[in-house]
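Structure, as structure tokens:
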Amino acid sequence: MPYLFIKDHKLNYADSHPEGAPSGGLTFICIHGLGSSQNYYYPVIPYLTDKHRCITFDNYGSGRSSYTGLEQSVESIAEDVISIMNELRVPNAVCVGHSMGGMVVSHLADAHPDKFLAVVAIGPVHPKSSIADIFEKRIRMVTESGMEGLADSIPNQATGSRATNLQKAFIRELILNQTPLGYASVCKAIAHAHPPNYAGVKAPFLLIAGQEDKSAPMDGCKYIFESISSEIKKMEVLPGVGHWHCIEAGDDVGRLIAEFTAMLQAGDSGLGADYW
């Protein structure tokens, strides 16, 4: 399994085109959310890899990127993304983020506008004071009792009415693959997160929301979308889908990202700032 050594930790990653994006193609870098891994994106990336390069990785403390006791934050995850791009010689990319990763992509697009050609936020979480209490409870739960309790509850509670038993089993496996201390570390990063500077995001922006998402509810998604400054932005709502969009509706998500990318490459600027 390939690893990148980033400062004082290492990250497991996968690269569909290690020699670089196909001619005329783009590079996508994908950031997963809490309790997940790079495998979250595998139902989606087949819609992209015929024409584009896709880089996925396990966030520090998640999946196969072992937790070694370092503190982290949304900003440190964003720094890891920049380091990955530098290590793999990626000058610019389309940045895709789910849930907590949806926070990270807005931070990145604001702080590094020259590096990100477009942004895709899938069920992005908008930080607010009530979130901190939720994640402090999760930290206590996993450090005292391990991951089994969440693995038994989240696949049912955080998915929508379209979710199949097989999809729920995949989500359960993703959660069980986390270590309690690594999971708690990511919880702390979310609990202490500050809202991104949405107004600083000028890159073309696609927001994909789940109609039945309780973790990134519609009011927060609409607030994020309305606050983004991009002249080219689009919001898509997936009916019957909860918070695990790429697993619950991978074909829909893959198609939406591919279509949005094709529109941008074609130079179609017909999607105005008030487009829905």
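Simple scheme: letters A, B, ... for chains in structure tokens order, numbers from 1 for residues in each chain, numbers from 1 for ligands in the order shown.
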Any chance you could list, as a PyMOL selection string, the residues in range 146-225 of chain A that come up helix (DSSP H, G or I) when DSSP is run on the backbone? chain A and resi 148-157+165-176+180-191+198-200+218-225
Near Trp244 in chain A, within 9 Å and counting only C-alpha atoms, which residues show up once chain neighbours fewer than 2 positions away are dropped, as a list in words?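 The contact residues come out as Tyr40, His98, Ser99, Gly123, Pro155, Ala158, Thr159, Gly160, Ile171, Gly210, Asp213, Val241, Gly242, Cys246, Ile247, Glu248 and Ala249 of chain A.
Relative to CA of Ala184 in chain A, CA of Val74 in chain A is found at 13.8 Å.
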Can you tell me, as a PyMOL selection string, what residues are no more than 10 Å from Met235 in chain A when counting only C-alpha atoms, ignoring any on the same chain fewer than 5 positions away? chain A and resi 120-122+205-209+221-222+225-226+274-276
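Closest approach to Lys214 in chain A among A:Val94, A:Val201, A:Glu259, A:Ile154 is made by A:Ile154 (distances from only C-alpha atoms).
Comparing the minimum interatomic distances between Ser37 in chain A and each of A:Asn156, A:Ser215, A:Gln72, A:Ser66, counting only C-alpha atoms, we find that A:Ser66 sits nearest.
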Output as a tab-separated table one row per residue of range 94-168 of chain A within 12 Å of range 173-177 of chain A: the closest atom pair and its distance in Å to one decimal place, counting only C-alpha atoms, sorted by chain and residue number ascending.
```
residue	atom	partner	partner_atom	distance
A:Val142	CA	A:Leu176	CA	11.1
A:Gly146	CA	A:Leu176	CA	9.1
A:Met147	CA	A:Leu176	CA	5.9
A:Glu148	CA	A:Leu176	CA	6.7
A:Gly149	CA	A:Leu176	CA	9.6
A:Leu150	CA	A:Ile175	CA	7.4
A:Ala151	CA	A:Ile175	CA	5.5
A:Asp152	CA	A:Ile175	CA	9.2
A:Ser153	CA	A:Ile175	CA	10.4
A:Ile154	CA	A:Ile175	CA	8.6
A:Pro155	CA	A:Ile175	CA	9.1
A:Leu166	CA	A:Glu173	CA	10.7
A:Gln167	CA	A:Glu173	CA	10.0
A:Lys168	CA	A:Glu173	CA	8.7
```
Sorted by chain and rising residue number, list the residues of range 174-258 of chain A at most 9 Å from range 102-111 of chain A (counting only C-alpha atoms), each with its closest atom pair and distance in Å to one decimal, as JSON lines.
```
{"residue": "A:Ala193", "atom": "CA", "partner": "A:Met103", "partner_atom": "CA", "distance": 8.8}
{"residue": "A:Pro195", "atom": "CA", "partner": "A:Met103", "partner_atom": "CA", "distance": 7.7}
{"residue": "A:Pro196", "atom": "CA", "partner": "A:His107", "partner_atom": "CA", "distance": 5.4}
{"residue": "A:Asn197", "atom": "CA", "partner": "A:Asp110", "partner_atom": "CA", "distance": 6.6}
{"residue": "A:Tyr198", "atom": "CA", "partner": "A:Ser106", "partner_atom": "CA", "distance": 6.5}
{"residue": "A:Ala199", "atom": "CA", "partner": "A:Asp110", "partner_atom": "CA", "distance": 8.1}
{"residue": "A:Gly200", "atom": "CA", "partner": "A:Asp110", "partner_atom": "CA", "distance": 4.8}
{"residue": "A:Val201", "atom": "CA", "partner": "A:Asp110", "partner_atom": "CA", "distance": 4.9}
{"residue": "A:Lys202", "atom": "CA", "partner": "A:Ala109", "partner_atom": "CA", "distance": 7.4}
{"residue": "A:Ala203", "atom": "CA", "partner": "A:Ala109", "partner_atom": "CA", "distance": 6.9}
{"residue": "A:Ile228", "atom": "CA", "partner": "A:Ser106", "partner_atom": "CA", "distance": 8.9}
```
Two-atom distance - CA of Ala118 in chain A, CA of Ala93 in chain A (Å): 7.4 Å
Which residue gives the smallest distance to Asp133 in chain A among A:Pro113, A:Pro43, A:Cys187, A:Ile29, with only C-alpha atoms counted? A:Cys187
One decimal, Å: what's the distance from CA of Gly24 in chain A over to CA of Thr56 in chain A, could you say?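 Atom-to-atom, CA of Gly24 in chain A and CA of Thr56 in chain A are spaced 20.4 Å apart.
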For Ile6 in chain A, which residue out of A:Ser76, A:Ser62, A:Gln157, A:Ser145 is the nearest one, using only C-alpha atoms?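 Among the listed residues, the smallest separation from Ile6 in chain A belongs to A:Ser76.
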Calculated over only C-alpha atoms, which of the candidates A:Val186, A:Leu70, A:Ile232, A:Ile77 has the smallest distance to His9 in chain A?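 Of A:Val186, A:Leu70, A:Ile232, A:Ile77, the one nearest His9 in chain A is A:Leu70, counting only C-alpha atoms.
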Residue among A:Gly101, A:Gly240, A:Pro46, A:Pro124 lying closest to Thr164 in chain A, counting only C-alpha atoms: A:Gly240
Spatial neighbours of Phe28 in chain A, 8 Å, only C-alpha atoms, chain gap at least 2 places, as a PDB file with N, CA and C atoms, in the first residue's frame:
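Result saved to part_12.pdb:
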```pdb
ATOM      1  N   LEU A  26      -8.344  16.561 -15.783  1.00  0.00           N
ATOM      2  CA  LEU A  26      -8.063  17.283 -14.553  1.00  0.00           C
ATOM      3  C   LEU A  26      -7.647  16.301 -13.468  1.00  0.00           C
ATOM      4  N   CYS A  30      -9.653  14.001  -3.173  1.00  0.00           N
ATOM      5  CA  CYS A  30     -10.889  13.741  -2.433  1.00  0.00           C
ATOM      6  C   CYS A  30     -10.612  13.566  -0.947  1.00  0.00           C
ATOM      7  N   HIS A  52      -9.965  11.632 -16.139  1.00  0.00           N
ATOM      8  CA  HIS A  52      -9.307  12.441 -15.125  1.00  0.00           C
ATOM      9  C   HIS A  52      -8.504  11.590 -14.146  1.00  0.00           C
ATOM     10  N   ARG A  53      -7.625  12.236 -13.429  1.00  0.00           N
ATOM     11  CA  ARG A  53      -6.827  11.621 -12.369  1.00  0.00           C
ATOM     12  C   ARG A  53      -7.540  11.815 -11.035  1.00  0.00           C
ATOM     13  N   CYS A  54      -7.651  10.761 -10.246  1.00  0.00           N
ATOM     14  CA  CYS A  54      -8.294  10.854  -8.934  1.00  0.00           C
ATOM     15  C   CYS A  54      -7.319  10.400  -7.848  1.00  0.00           C
ATOM     16  N   ILE A  55      -7.110  11.261  -6.881  1.00  0.00           N
ATOM     17  CA  ILE A  55      -6.264  10.952  -5.728  1.00  0.00           C
ATOM     18  C   ILE A  55      -7.155  10.911  -4.496  1.00  0.00           C
ATOM     19  N   ALA A  93      -5.984  21.441  -8.809  1.00  0.00           N
ATOM     20  CA  ALA A  93      -6.898  20.299  -8.757  1.00  0.00           C
ATOM     21  C   ALA A  93      -8.321  20.761  -8.532  1.00  0.00           C
ATOM     22  N   VAL A  94      -9.246  19.834  -8.751  1.00  0.00           N
ATOM     23  CA  VAL A  94     -10.616  19.975  -8.283  1.00  0.00           C
ATOM     24  C   VAL A  94     -10.667  19.310  -6.912  1.00  0.00           C
ATOM     25  N   CYS A  95     -11.113  20.040  -5.913  1.00  0.00           N
ATOM     26  CA  CYS A  95     -11.101  19.537  -4.546  1.00  0.00           C
ATOM     27  C   CYS A  95     -12.503  19.071  -4.158  1.00  0.00           C
ATOM     28  N   VAL A  96     -12.604  17.808  -3.728  1.00  0.00           N
ATOM     29  CA  VAL A  96     -13.877  17.202  -3.367  1.00  0.00           C
ATOM     30  C   VAL A  96     -13.828  16.848  -1.879  1.00  0.00           C
TER      31      VAL A  96
END
```
